[in-house]
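J.: Hey, dropping input18.cif in here, mmCIF, C-alpha atoms and all ligand atoms:
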```cif
data_start
loop_
_atom_site.label_atom_id
_atom_site.label_comp_id
_atom_site.auth_asym_id
_atom_site.auth_seq_id
_atom_site.Cartn_x
_atom_site.Cartn_y
_atom_site.Cartn_z
CA MET A 1354 -21.00 -65.91 -92.57
CA LEU A 1355 -18.08 -65.92 -94.99
CA GLU A 1356 -18.32 -68.48 -97.78
CA ILE A 1357 -15.47 -69.35 -100.09
CA ASP A 1358 -17.20 -71.31 -102.81
CA GLY A 1359 -15.25 -73.16 -105.48
CA ILE A 1360 -12.55 -70.53 -106.02
CA SER A 1361 -10.01 -71.32 -108.72
CA LYS A 1362 -6.99 -69.24 -109.64
CA ARG A 1363 -4.05 -69.74 -111.96
CA PHE A 1364 -0.86 -67.76 -112.29
CA GLY A 1365 0.40 -68.71 -115.76
CA SER A 1366 0.84 -72.46 -115.62
CA THR A 1367 0.68 -72.57 -111.80
CA VAL A 1368 -2.64 -73.68 -110.38
CA ALA A 1369 -2.75 -71.74 -107.11
CA LEU A 1370 -6.36 -72.57 -106.23
CA ASP A 1371 -8.44 -75.45 -107.48
CA ARG A 1372 -12.06 -75.12 -106.38
CA MET A 1373 -11.14 -73.96 -102.87
CA THR A 1374 -14.21 -74.22 -100.69
CA PHE A 1375 -14.93 -73.56 -97.03
CA THR A 1376 -17.28 -71.60 -94.81
CA VAL A 1377 -16.55 -69.53 -91.72
CA ARG A 1378 -19.68 -69.20 -89.62
CA PRO A 1379 -20.65 -66.33 -87.36
CA GLY A 1380 -19.01 -66.68 -83.96
CA GLU A 1381 -16.49 -69.16 -85.26
CA LEU A 1382 -12.72 -69.10 -85.13
CA TYR A 1383 -11.51 -70.95 -88.21
CA GLY A 1384 -7.92 -72.12 -88.70
CA PHE A 1385 -6.67 -72.27 -92.25
CA VAL A 1386 -3.65 -74.55 -92.48
CA GLY A 1387 -1.54 -75.93 -95.30
CA ALA A 1388 2.01 -76.20 -96.56
CA ASN A 1389 3.92 -73.28 -98.09
CA GLY A 1390 2.37 -72.59 -101.45
CA ALA A 1391 -0.88 -74.44 -100.71
CA GLY A 1392 -2.95 -71.37 -101.57
CA LYS A 1393 -3.85 -69.70 -98.28
CA THR A 1394 -2.66 -66.19 -99.09
CA THR A 1395 -4.17 -66.34 -102.57
CA THR A 1396 -7.54 -67.33 -101.06
CA MET A 1397 -7.44 -64.44 -98.62
CA ARG A 1398 -6.39 -61.95 -101.27
CA ILE A 1399 -9.29 -63.03 -103.43
CA ALA A 1400 -11.67 -62.72 -100.47
CA LEU A 1401 -10.49 -59.16 -100.01
CA GLY A 1402 -10.68 -58.29 -103.70
CA VAL A 1403 -6.93 -57.69 -103.98
CA LEU A 1404 -6.91 -60.46 -106.61
CA GLN A 1405 -9.61 -61.68 -108.97
CA ALA A 1406 -10.63 -65.33 -109.05
CA ASP A 1407 -10.83 -67.19 -112.36
CA ALA A 1408 -13.90 -69.04 -111.12
CA GLY A 1409 -16.00 -69.40 -107.99
CA GLU A 1410 -17.55 -66.93 -105.63
CA VAL A 1411 -16.92 -65.37 -102.22
CA ARG A 1412 -20.08 -64.51 -100.28
CA LEU A 1413 -20.67 -62.57 -97.10
CA ASP A 1414 -23.97 -63.33 -95.39
CA GLY A 1415 -25.20 -65.05 -98.54
CA ARG A 1416 -24.40 -62.20 -100.96
CA PRO A 1417 -21.48 -62.01 -103.39
CA LEU A 1418 -18.82 -59.68 -102.04
CA ASP A 1419 -18.68 -56.19 -103.47
CA ALA A 1420 -16.72 -53.07 -102.60
CA ALA A 1421 -19.16 -52.11 -99.82
CA SER A 1422 -19.24 -55.51 -98.12
CA ARG A 1423 -15.44 -55.82 -98.34
CA ARG A 1424 -15.24 -52.75 -96.11
CA ARG A 1425 -16.87 -54.85 -93.39
CA ILE A 1426 -13.84 -57.15 -93.37
CA GLY A 1427 -10.79 -56.46 -91.24
CA TYR A 1428 -7.80 -57.83 -93.12
CA MET A 1429 -4.28 -58.48 -91.93
CA PRO A 1430 -2.25 -59.13 -95.06
CA GLU A 1431 0.85 -61.31 -95.10
CA GLU A 1432 2.89 -58.53 -96.68
CA ARG A 1433 1.98 -56.19 -93.79
CA GLY A 1434 0.95 -53.14 -95.77
CA LEU A 1435 1.54 -50.27 -93.39
CA TYR A 1436 2.98 -46.86 -94.22
CA PRO A 1437 6.50 -47.09 -92.78
CA ARG A 1438 7.02 -43.36 -92.20
CA MET A 1439 3.66 -42.59 -90.64
CA ALA A 1440 3.26 -42.50 -86.87
CA VAL A 1441 1.31 -45.39 -85.36
CA GLY A 1442 -1.61 -43.28 -84.06
CA THR A 1443 -1.92 -41.17 -87.20
CA GLN A 1444 -1.90 -44.26 -89.36
CA LEU A 1445 -4.61 -46.00 -87.38
CA ARG A 1446 -6.82 -42.90 -87.38
CA TYR A 1447 -6.30 -42.53 -91.11
CA LEU A 1448 -7.25 -46.16 -91.78
CA ALA A 1449 -10.37 -45.88 -89.63
CA GLU A 1450 -11.45 -42.71 -91.43
CA LEU A 1451 -10.79 -44.35 -94.77
CA ARG A 1452 -13.29 -46.99 -93.71
CA GLY A 1453 -15.96 -44.46 -92.97
CA ARG A 1454 -15.44 -43.57 -89.30
CA SER A 1455 -15.76 -39.96 -88.16
CA ALA A 1456 -12.62 -38.17 -86.95
CA SER A 1457 -13.61 -38.55 -83.30
CA GLU A 1458 -14.57 -42.23 -83.69
CA ALA A 1459 -11.27 -42.86 -85.46
CA ARG A 1460 -9.32 -41.15 -82.69
CA ALA A 1461 -11.12 -43.12 -79.98
CA ALA A 1462 -10.64 -46.43 -81.82
CA ALA A 1463 -6.94 -45.76 -82.43
CA GLU A 1464 -6.48 -45.01 -78.73
CA ARG A 1465 -8.46 -48.02 -77.62
CA TRP A 1466 -6.59 -50.50 -79.82
CA THR A 1467 -3.12 -49.12 -79.17
CA GLU A 1468 -3.89 -49.33 -75.45
CA ARG A 1469 -5.24 -52.84 -75.75
CA LEU A 1470 -2.35 -54.13 -77.85
CA GLY A 1471 0.37 -52.66 -75.66
CA LEU A 1472 1.25 -49.88 -78.11
CA ALA A 1473 0.13 -46.83 -76.15
CA GLU A 1474 3.73 -45.68 -75.64
CA ARG A 1475 4.40 -46.04 -79.35
CA ARG A 1476 1.58 -43.92 -80.74
CA THR A 1477 3.81 -41.11 -81.93
CA GLU A 1478 6.57 -43.35 -83.31
CA GLU A 1479 7.01 -44.10 -86.99
CA VAL A 1480 6.01 -47.65 -87.86
CA GLN A 1481 9.40 -48.34 -89.45
CA ARG A 1482 11.15 -47.69 -86.13
CA LEU A 1483 9.23 -50.39 -84.30
CA SER A 1484 10.37 -53.98 -83.81
CA LEU A 1485 8.80 -56.48 -86.20
CA GLY A 1486 6.54 -57.88 -83.48
CA ASN A 1487 5.30 -54.39 -82.62
CA GLN A 1488 4.72 -53.65 -86.30
CA GLN A 1489 2.61 -56.76 -86.33
CA ARG A 1490 0.58 -55.52 -83.37
CA VAL A 1491 -0.01 -52.30 -85.31
CA GLN A 1492 -1.10 -54.40 -88.27
CA LEU A 1493 -3.65 -56.15 -86.08
CA ALA A 1494 -4.81 -52.78 -84.75
CA ALA A 1495 -5.18 -51.67 -88.39
CA ALA A 1496 -7.41 -54.68 -89.09
CA LEU A 1497 -9.57 -53.89 -86.04
CA VAL A 1498 -9.70 -50.13 -85.94
CA ALA A 1499 -12.82 -49.76 -88.08
CA ASP A 1500 -14.68 -52.33 -85.97
CA PRO A 1501 -15.11 -54.90 -88.76
CA ASP A 1502 -17.84 -57.57 -88.86
CA VAL A 1503 -15.42 -60.21 -90.15
CA LEU A 1504 -11.70 -60.82 -89.59
CA VAL A 1505 -9.38 -62.39 -92.17
CA LEU A 1506 -5.80 -62.65 -90.93
CA ASP A 1507 -2.85 -64.01 -92.86
CA GLU A 1508 -0.38 -65.59 -90.44
CA PRO A 1509 -1.09 -63.14 -87.62
CA PHE A 1510 0.99 -65.12 -85.11
CA SER A 1511 4.22 -65.46 -87.05
CA GLY A 1512 7.14 -63.83 -85.27
CA LEU A 1513 5.22 -62.79 -82.14
CA ASP A 1514 6.66 -63.17 -78.65
CA PRO A 1515 4.66 -65.33 -76.19
CA MET A 1516 2.97 -62.32 -74.56
CA ALA A 1517 1.92 -60.97 -77.93
CA VAL A 1518 0.62 -64.44 -78.88
CA ASP A 1519 -1.56 -64.33 -75.77
CA VAL A 1520 -2.89 -60.86 -76.57
CA MET A 1521 -3.56 -61.81 -80.20
CA SER A 1522 -5.34 -65.02 -79.10
CA GLU A 1523 -7.46 -63.11 -76.61
CA VAL A 1524 -8.49 -60.51 -79.16
CA LEU A 1525 -9.44 -63.13 -81.74
CA ARG A 1526 -11.50 -65.04 -79.15
CA GLU A 1527 -13.28 -61.85 -78.15
CA ARG A 1528 -14.22 -61.06 -81.74
CA ARG A 1529 -15.44 -64.62 -82.17
CA ASP A 1530 -17.46 -64.38 -78.93
CA ALA A 1531 -18.98 -61.14 -80.21
CA GLY A 1532 -20.33 -63.15 -83.17
CA ALA A 1533 -17.82 -62.35 -85.91
CA PRO A 1534 -16.56 -64.97 -88.32
CA VAL A 1535 -12.78 -65.03 -87.79
CA VAL A 1536 -10.37 -66.88 -90.07
CA PHE A 1537 -6.61 -66.96 -89.83
CA SER A 1538 -3.85 -68.92 -91.48
CA SER A 1539 -1.00 -70.35 -89.47
CA HIS A 1540 1.75 -72.93 -89.48
CA GLN A 1541 1.63 -73.08 -85.66
CA LEU A 1542 -0.61 -76.10 -85.36
CA GLU A 1543 -0.57 -76.30 -81.57
CA LEU A 1544 -1.95 -72.81 -81.47
CA VAL A 1545 -4.57 -73.62 -84.10
CA GLU A 1546 -5.59 -76.72 -82.15
CA ARG A 1547 -5.91 -74.75 -78.94
CA LEU A 1548 -7.73 -71.79 -80.41
CA CYS A 1549 -9.90 -72.81 -83.31
CA ASP A 1550 -13.47 -74.06 -83.40
CA ARG A 1551 -12.91 -75.57 -86.84
CA VAL A 1552 -9.96 -76.20 -89.05
CA GLY A 1553 -9.58 -76.44 -92.81
CA ILE A 1554 -6.56 -78.30 -94.15
CA VAL A 1555 -5.58 -77.28 -97.66
CA ARG A 1556 -3.30 -78.88 -100.14
CA SER A 1557 -2.50 -77.82 -103.69
CA GLY A 1558 -5.21 -75.18 -103.70
CA ARG A 1559 -8.07 -77.22 -102.35
CA THR A 1560 -9.64 -78.13 -99.03
CA VAL A 1561 -8.78 -81.75 -98.28
CA ALA A 1562 -10.19 -81.98 -94.75
CA GLU A 1563 -12.42 -79.79 -92.64
CA GLY A 1564 -14.03 -79.98 -89.22
CA THR A 1565 -13.48 -79.56 -85.51
CA VAL A 1566 -10.22 -81.07 -84.33
CA ASP A 1567 -12.25 -83.89 -82.77
CA GLU A 1568 -14.01 -84.57 -86.08
CA LEU A 1569 -10.67 -84.64 -87.85
CA ARG A 1570 -9.40 -87.05 -85.16
CA GLU A 1571 -12.43 -89.27 -85.64
CA ALA A 1572 -11.87 -89.36 -89.39
CA SER A 1573 -8.18 -90.10 -89.01
CA GLY A 1574 -8.95 -93.52 -87.48
CA THR A 1575 -8.70 -94.99 -84.01
CA GLU A 1576 -5.55 -95.87 -82.17
CA LEU A 1577 -5.37 -97.50 -78.75
CA VAL A 1578 -2.57 -97.21 -76.22
CA VAL A 1579 -2.24 -100.38 -74.15
CA VAL A 1580 0.38 -100.67 -71.43
CA VAL A 1581 0.95 -104.26 -70.35
CA PRO A 1582 4.42 -104.46 -68.73
CA ASP A 1583 4.57 -108.27 -68.61
CA ALA A 1584 3.43 -108.88 -72.19
CA PRO A 1585 5.79 -110.53 -74.66
CA GLY A 1586 6.70 -108.57 -77.81
CA GLY A 1587 4.15 -108.88 -80.59
CA TRP A 1588 1.33 -109.79 -78.16
CA ALA A 1589 -1.21 -107.76 -80.16
CA ASP A 1590 -0.08 -108.68 -83.67
CA GLY A 1591 -2.80 -110.24 -85.74
CA LEU A 1592 -5.64 -109.69 -83.25
CA PRO A 1593 -9.00 -109.36 -85.03
CA GLY A 1594 -9.65 -105.72 -86.03
CA VAL A 1595 -6.04 -104.63 -85.43
CA ALA A 1596 -4.34 -103.28 -88.56
CA ALA A 1597 -0.92 -102.47 -87.13
CA THR A 1598 0.99 -102.24 -83.87
CA ARG A 1599 4.04 -100.36 -82.71
CA ALA A 1600 5.93 -99.80 -79.49
CA ALA A 1601 5.31 -96.23 -78.30
CA GLU A 1602 3.96 -94.17 -75.39
CA GLY A 1603 5.42 -96.60 -72.86
CA GLY A 1604 3.48 -99.55 -74.23
CA THR A 1605 1.89 -100.71 -77.46
CA VAL A 1606 -0.01 -98.47 -79.85
CA LEU A 1607 -2.57 -100.39 -81.89
CA THR A 1608 -4.05 -98.96 -85.08
CA LEU A 1609 -7.54 -100.37 -85.40
CA ALA A 1610 -9.08 -101.34 -88.71
CA ASP A 1611 -12.42 -100.99 -86.97
CA ALA A 1612 -13.20 -99.59 -83.54
CA SER A 1613 -16.17 -101.86 -82.92
CA GLU A 1614 -17.11 -103.25 -79.51
CA PRO A 1615 -15.91 -106.81 -80.37
CA THR A 1616 -12.51 -105.47 -81.49
CA LEU A 1617 -12.09 -103.44 -78.28
CA THR A 1618 -13.21 -106.35 -76.10
CA GLY A 1619 -10.92 -108.74 -77.98
CA VAL A 1620 -7.93 -106.44 -77.47
CA LEU A 1621 -8.70 -105.95 -73.77
CA ASP A 1622 -9.09 -109.72 -73.24
CA ALA A 1623 -5.81 -110.40 -75.06
CA ALA A 1624 -4.07 -107.73 -72.98
CA ARG A 1625 -5.41 -109.23 -69.72
CA ARG A 1626 -4.16 -112.68 -70.67
CA THR A 1627 -0.59 -111.32 -70.65
CA GLY A 1628 -0.78 -109.97 -67.08
CA PRO A 1629 -1.81 -106.72 -65.38
CA VAL A 1630 -3.09 -103.98 -67.71
CA HIS A 1631 -1.76 -100.61 -66.57
CA GLU A 1632 -3.34 -98.52 -69.29
CA PHE A 1633 -6.00 -99.02 -71.92
CA ARG A 1634 -7.06 -95.83 -73.70
CA ARG A 1635 -7.86 -94.24 -76.98
CA ARG A 1636 -4.98 -92.21 -78.35
CA ARG A 1637 -5.71 -88.58 -79.18
CA PRO A 1638 -3.42 -87.52 -82.00
CA ALA A 1639 -2.35 -83.89 -82.07
CA LEU A 1640 -3.52 -81.73 -84.98
CA ALA A 1641 0.07 -81.76 -86.28
CA GLU A 1642 -0.09 -85.53 -86.71
CA ILE A 1643 -3.52 -85.44 -88.32
CA TYR A 1644 -2.26 -82.71 -90.61
CA ARG A 1645 0.77 -84.75 -91.70
CA ASP A 1646 -1.35 -87.83 -92.37
CA THR A 1647 -4.03 -85.85 -94.18
CA VAL A 1648 -1.61 -84.00 -96.39
CA ALA A 1649 0.35 -87.18 -97.11
CA ASP A 1650 -2.66 -89.14 -98.35
CA ALA A 1651 -4.99 -86.39 -99.48
CA PRO A 1652 -7.57 -87.51 -102.05
CA ARG A 1653 -7.29 -86.24 -105.61
CA GLU A 1654 -10.79 -84.82 -105.49
CA PRO A 1655 -11.80 -82.15 -102.98
CA VAL A 1656 -14.12 -83.19 -100.18
CA GLU A 1657 -17.64 -81.84 -99.81
CA PRO A 1658 -17.72 -78.85 -97.48
CA GLY A 1659 -18.08 -79.88 -93.86
CA VAL A 1660 -16.91 -83.44 -94.43
CA ALA A 1661 -13.53 -84.49 -93.12
CA ALA A 1662 -11.48 -86.54 -95.58
N1 LIG A 1701 1.49 -63.24 -107.90
C1 LIG A 1701 1.83 -64.51 -108.15
N2 LIG A 1701 2.39 -64.86 -109.32
C2 LIG A 1701 2.70 -66.15 -109.60
N3 LIG A 1701 2.48 -67.18 -108.75
C3 LIG A 1701 1.91 -66.89 -107.56
C4 LIG A 1701 1.57 -65.56 -107.19
N4 LIG A 1701 1.01 -65.59 -105.95
C5 LIG A 1701 1.03 -66.89 -105.56
N5 LIG A 1701 1.57 -67.67 -106.54
C6 LIG A 1701 1.70 -69.15 -106.48
O1 LIG A 1701 0.45 -69.67 -106.07
C7 LIG A 1701 0.63 -70.77 -105.17
C8 LIG A 1701 -0.09 -70.48 -103.88
O2 LIG A 1701 0.61 -69.46 -103.16
P1 LIG A 1701 0.10 -68.82 -101.79
O3 LIG A 1701 0.99 -67.66 -101.49
O4 LIG A 1701 -1.35 -68.59 -101.88
O5 LIG A 1701 0.40 -70.02 -100.75
P2 LIG A 1701 0.34 -70.02 -99.14
O6 LIG A 1701 -0.45 -71.21 -98.78
O7 LIG A 1701 -0.12 -68.70 -98.63
O8 LIG A 1701 1.86 -70.26 -98.77
P3 LIG A 1701 2.74 -69.79 -97.47
O9 LIG A 1701 2.37 -70.72 -96.36
O10 LIG A 1701 4.14 -70.01 -97.94
O11 LIG A 1701 2.42 -68.35 -97.20
C9 LIG A 1701 2.14 -70.96 -105.06
O12 LIG A 1701 2.52 -71.95 -105.99
C10 LIG A 1701 2.70 -69.60 -105.42
O13 LIG A 1701 3.99 -69.73 -105.94
#
```
Can you present the structure in this file as structure tokens?
Ligand SMILES: Nc1ncnc2c1ncn2[C@@H]1O[C@H](COP(=O)(O)OP(=O)(O)OP(=O)(O)O)[C@@H](O)[C@H]1O

T.:
Amino acid sequence: MLEIDGISKRFGSTVALDRMTFTVRPGELYGFVGANGAGKTTTMRIALGVLQADAGEVRLDGRPLDAASRRRIGYMPEERGLYPRMAVGTQLRYLAELRGRSASEARAAAERWTERLGLAERRTEEVQRLSLGNQQRVQLAAALVADPDVLVLDEPFSGLDPMAVDVMSEVLRERRDAGAPVVFSSHQLELVERLCDRVGIVRSGRTVAEGTVDELREASGTELVVVVPDAPGGWADGLPGVAATRAAEGGTVLTLADASEPTLTGVLDAARRTGPVHEFRRRRPALAEIYRDTVADAPREPVEPGVAA
């Protein structure tokens, strides 16, 4: 389990992190999302010991991280720190050996991961001669080659072609299924929604919402889609428990102030009085919408871990 507990970090007068807190559990794929400059890379760098926090603690399996436990983490940095002139295979073997693997283990792991990530033909090529997407595959191989217990990946999907996105997704799921905590940052919210068990939304260096996408949906309020073709405009305005209405999704979308049984029954009865009801369902907002709403009205104080804002 990887715990980021109340990490703060300033760069001069810039507050990059302000009590950043979240936990990635074993066997969990955790999506770390937030605007440019929200503090994702800084958090990951601190977790890997590349940067020092001003306050707070990072723990792995309950113990503060030290040099030895950091070696258990496979890290894919945003700045993609590979040696440009080294051949792919040599580089991967070198990184595996640096992390304590024997020469034969390192060779086997480099072969396995280059094979798996579609890089077998590129093993003898210099990294700098590869396309950016292929360099990124090598970077993922570099994070995996020493068989880490935890994966921390900074925007691993950016710039990948659809096939590479599929391979990356599959590898992350596999590591998760093998019991590793896996955390990655991304601006591709559809992908995060599809892939992640839990999501942390950060703003201005703090976690402002956290949970499964369904929990975040629940916390973002209830909307109903009602399609009543014969209804006059404004048919749902002012119904008890209805905070707002708008025309969308081929009918009327009602934002409920409360999603209680009487409110739902009242809306359904009102809809029926206008004529046939073609659709009556709860709307499921996409993560991108929840994200926009959450970031727009984020609270000033951070939420308790595990509680969606
Ligand atoms: N080395 C540094 N020196 C000064 N300021 C920094 C440094 N690194 C980060 N910052 C600042 O800290 C804040 C958080 O940056 P960070 O890179 O962690 O954000 P991010 O969420 O990863 O953004 P992005 O989505 O653009 O990658 C920003 O205001 C950034 O300008």

J.: Please, which residues have at least one atom within 9 Å of an atom of ligand LIG 1701 (chain A), using all atoms listed in the file, listed as a PDB file with C-alpha atoms, keeping the file's coordinate frame?

T.:
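File produced: part_4.pdb:
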```
ATOM      1  CA  LYS A1362      -6.990 -69.240-109.640  1.00  0.00           C
ATOM      2  CA  ARG A1363      -4.050 -69.740-111.960  1.00  0.00           C
ATOM      3  CA  PHE A1364      -0.860 -67.760-112.290  1.00  0.00           C
ATOM      4  CA  GLY A1365       0.400 -68.710-115.760  1.00  0.00           C
ATOM      5  CA  SER A1366       0.840 -72.460-115.620  1.00  0.00           C
ATOM      6  CA  THR A1367       0.680 -72.570-111.800  1.00  0.00           C
ATOM      7  CA  VAL A1368      -2.640 -73.680-110.380  1.00  0.00           C
ATOM      8  CA  ALA A1369      -2.750 -71.740-107.110  1.00  0.00           C
ATOM      9  CA  LEU A1370      -6.360 -72.570-106.230  1.00  0.00           C
ATOM     10  CA  VAL A1386      -3.650 -74.550 -92.480  1.00  0.00           C
ATOM     11  CA  GLY A1387      -1.540 -75.930 -95.300  1.00  0.00           C
ATOM     12  CA  ALA A1388       2.010 -76.200 -96.560  1.00  0.00           C
ATOM     13  CA  ASN A1389       3.920 -73.280 -98.090  1.00  0.00           C
ATOM     14  CA  GLY A1390       2.370 -72.590-101.450  1.00  0.00           C
ATOM     15  CA  ALA A1391      -0.880 -74.440-100.710  1.00  0.00           C
ATOM     16  CA  GLY A1392      -2.950 -71.370-101.570  1.00  0.00           C
ATOM     17  CA  LYS A1393      -3.850 -69.700 -98.280  1.00  0.00           C
ATOM     18  CA  THR A1394      -2.660 -66.190 -99.090  1.00  0.00           C
ATOM     19  CA  THR A1395      -4.170 -66.340-102.570  1.00  0.00           C
ATOM     20  CA  THR A1396      -7.540 -67.330-101.060  1.00  0.00           C
ATOM     21  CA  MET A1397      -7.440 -64.440 -98.620  1.00  0.00           C
ATOM     22  CA  ARG A1398      -6.390 -61.950-101.270  1.00  0.00           C
ATOM     23  CA  LEU A1404      -6.910 -60.460-106.610  1.00  0.00           C
ATOM     24  CA  GLU A1431       0.850 -61.310 -95.100  1.00  0.00           C
ATOM     25  CA  ASP A1507      -2.850 -64.010 -92.860  1.00  0.00           C
ATOM     26  CA  GLU A1508      -0.380 -65.590 -90.440  1.00  0.00           C
ATOM     27  CA  SER A1538      -3.850 -68.920 -91.480  1.00  0.00           C
ATOM     28  CA  SER A1539      -1.000 -70.350 -89.470  1.00  0.00           C
ATOM     29  CA  HIS A1540       1.750 -72.930 -89.480  1.00  0.00           C
ATOM     30  CA  VAL A1555      -5.580 -77.280 -97.660  1.00  0.00           C
ATOM     31  CA  ARG A1556      -3.300 -78.880-100.140  1.00  0.00           C
ATOM     32  CA  SER A1557      -2.500 -77.820-103.690  1.00  0.00           C
ATOM     33  CA  GLY A1558      -5.210 -75.180-103.700  1.00  0.00           C
TER      34      GLY A1558
END
```

J.: I need the residue nearest Gly1415 (chain A) from this list: A:Asp1550, A:Glu1642, A:Glu1356, A:Glu1602. Use all atoms listed in the file for the distance.

T.: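 Ranked by minimum distance to Gly1415 (chain A), first place goes to A:Glu1356.
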
J.: Just to confirm, what's the straight-line distance from CA of Gln1488 (chain A) to CA of Glu1523 (chain A) in Å (one decimal)?

T.: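 For CA of Gln1488 (chain A) relative to CA of Glu1523 (chain A), the distance reads 18.2 Å.
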
J.: Might you pull out every residue within 10 Å of Val1411 (chain A), with only C-alpha atoms counted and same-chain residues fewer than 3 positions away left off, and present them as an NGL selection string?

T.: :A and (1355-1360 or 1374-1376 or 1396 or 1399-1402 or 1406 or 1415-1419)

J.: As an exercise, work out the distance from CA of Val1480 (chain A) to CA of Gly1442 (chain A) in Å and give it to one decimal place.

T.: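 Atom-to-atom, CA of Val1480 (chain A) to CA of Gly1442 (chain A), that is 9.6 Å.
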
J.: Please compute the CA of Thr1575 (chain A)-CA of Phe1633 (chain A) distance, one decimal, in Å.

T.: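 Distance reported for this atom pair: 13.0 Å.
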
J.: Residues at most 10 Å from Ser1522 (chain A), counting only C-alpha atoms, excluding those fewer than 4 positions away in the same chain, as a PyMOL selection string?

T.: chain A and resi 1509-1510+1516-1518+1526-1527+1544-1545+1547-1549

J.: Please, which residues are within 12 Å of (-2.2, -54.5, -89.0) by the file's coordinates, counting all atoms listed in the file, and could they come as a VMD selection string?

T.: chain A and resid 1427 to 1436 1441 1444 to 1445 1448 to 1449 1463 1466 to 1467 1470 1480 1485 to 1499 1504 to 1510 1521

J.: Can I get the selection written as an mmCIF file, keeping the file's coordinate frame, with C-alpha atoms?

T.:
```cif
data_model
loop_
_atom_site.group_PDB
_atom_site.id
_atom_site.type_symbol
_atom_site.label_atom_id
_atom_site.label_comp_id
_atom_site.auth_asym_id
_atom_site.auth_seq_id
_atom_site.Cartn_x
_atom_site.Cartn_y
_atom_site.Cartn_z
ATOM 1 C CA GLY A 1427 -10.790 -56.460 -91.240
ATOM 2 C CA TYR A 1428 -7.800 -57.830 -93.120
ATOM 3 C CA MET A 1429 -4.280 -58.480 -91.930
ATOM 4 C CA PRO A 1430 -2.250 -59.130 -95.060
ATOM 5 C CA GLU A 1431 0.850 -61.310 -95.100
ATOM 6 C CA GLU A 1432 2.890 -58.530 -96.680
ATOM 7 C CA ARG A 1433 1.980 -56.190 -93.790
ATOM 8 C CA GLY A 1434 0.950 -53.140 -95.770
ATOM 9 C CA LEU A 1435 1.540 -50.270 -93.390
ATOM 10 C CA TYR A 1436 2.980 -46.860 -94.220
ATOM 11 C CA VAL A 1441 1.310 -45.390 -85.360
ATOM 12 C CA GLN A 1444 -1.900 -44.260 -89.360
ATOM 13 C CA LEU A 1445 -4.610 -46.000 -87.380
ATOM 14 C CA LEU A 1448 -7.250 -46.160 -91.780
ATOM 15 C CA ALA A 1449 -10.370 -45.880 -89.630
ATOM 16 C CA ALA A 1463 -6.940 -45.760 -82.430
ATOM 17 C CA TRP A 1466 -6.590 -50.500 -79.820
ATOM 18 C CA THR A 1467 -3.120 -49.120 -79.170
ATOM 19 C CA LEU A 1470 -2.350 -54.130 -77.850
ATOM 20 C CA VAL A 1480 6.010 -47.650 -87.860
ATOM 21 C CA LEU A 1485 8.800 -56.480 -86.200
ATOM 22 C CA GLY A 1486 6.540 -57.880 -83.480
ATOM 23 C CA ASN A 1487 5.300 -54.390 -82.620
ATOM 24 C CA GLN A 1488 4.720 -53.650 -86.300
ATOM 25 C CA GLN A 1489 2.610 -56.760 -86.330
ATOM 26 C CA ARG A 1490 0.580 -55.520 -83.370
ATOM 27 C CA VAL A 1491 -0.010 -52.300 -85.310
ATOM 28 C CA GLN A 1492 -1.100 -54.400 -88.270
ATOM 29 C CA LEU A 1493 -3.650 -56.150 -86.080
ATOM 30 C CA ALA A 1494 -4.810 -52.780 -84.750
ATOM 31 C CA ALA A 1495 -5.180 -51.670 -88.390
ATOM 32 C CA ALA A 1496 -7.410 -54.680 -89.090
ATOM 33 C CA LEU A 1497 -9.570 -53.890 -86.040
ATOM 34 C CA VAL A 1498 -9.700 -50.130 -85.940
ATOM 35 C CA ALA A 1499 -12.820 -49.760 -88.080
ATOM 36 C CA LEU A 1504 -11.700 -60.820 -89.590
ATOM 37 C CA VAL A 1505 -9.380 -62.390 -92.170
ATOM 38 C CA LEU A 1506 -5.800 -62.650 -90.930
ATOM 39 C CA ASP A 1507 -2.850 -64.010 -92.860
ATOM 40 C CA GLU A 1508 -0.380 -65.590 -90.440
ATOM 41 C CA PRO A 1509 -1.090 -63.140 -87.620
ATOM 42 C CA PHE A 1510 0.990 -65.120 -85.110
ATOM 43 C CA MET A 1521 -3.560 -61.810 -80.200
#
```

J.: Under the rule of at most 8 Å, produce a per-residue listing of region 1495-1588 of chain A near region 1609-1623 of chain A: chain, number, name, the closest pair of atoms, and the distance in Å, as CSV, using all atoms listed in the file.

T.:
```
residue,atom,partner,partner_atom,distance
A:Gly1574,CA,A:Leu1609,CA,7.3
A:Thr1575,CA,A:Leu1609,CA,5.7
A:Glu1576,CA,A:Leu1609,CA,5.9
A:Leu1577,CA,A:Leu1609,CA,7.6
A:Trp1588,CA,A:Ala1623,CA,7.8
```

J.: So which one's closest to Pro1437 (chain A), A:Arg1476, A:Arg1482, A:Arg1636, A:Arg1645? Using all atoms listed in the file, please.

T.: A:Arg1482

J.: Take the point (-17.3, -45.3, -90.7) as written in the file and pick out every residue within 12 Å of it, counting only C-alpha atoms; give the list as an MDAnalysis selection string.

T.: chainID A and resid 1421 1424:1425 1446:1459 1462 1498:1501

J.: Could you list, as a short mmCIF file (atom, residue, chain, number, x, y, z; two decimals) with C-alpha atoms, in the coordinates of the input, every residue within 12 Å of Glu1571 (chain A), counting all atoms listed in the file and ignoring same-chain residues fewer than 6 positions away?

T.:
```cif
data_model
loop_
_atom_site.label_atom_id
_atom_site.label_comp_id
_atom_site.auth_asym_id
_atom_site.auth_seq_id
_atom_site.Cartn_x
_atom_site.Cartn_y
_atom_site.Cartn_z
CA ALA A 1562 -10.19 -81.98 -94.75
CA GLU A 1563 -12.42 -79.79 -92.64
CA GLY A 1564 -14.03 -79.98 -89.22
CA THR A 1565 -13.48 -79.56 -85.51
CA ASP A 1611 -12.42 -100.99 -86.97
CA ALA A 1612 -13.20 -99.59 -83.54
CA ARG A 1635 -7.86 -94.24 -76.98
CA ARG A 1636 -4.98 -92.21 -78.35
CA ARG A 1637 -5.71 -88.58 -79.18
CA PRO A 1638 -3.42 -87.52 -82.00
CA ALA A 1639 -2.35 -83.89 -82.07
CA LEU A 1640 -3.52 -81.73 -84.98
CA ILE A 1643 -3.52 -85.44 -88.32
CA VAL A 1660 -16.91 -83.44 -94.43
CA ALA A 1661 -13.53 -84.49 -93.12
CA ALA A 1662 -11.48 -86.54 -95.58
#
```
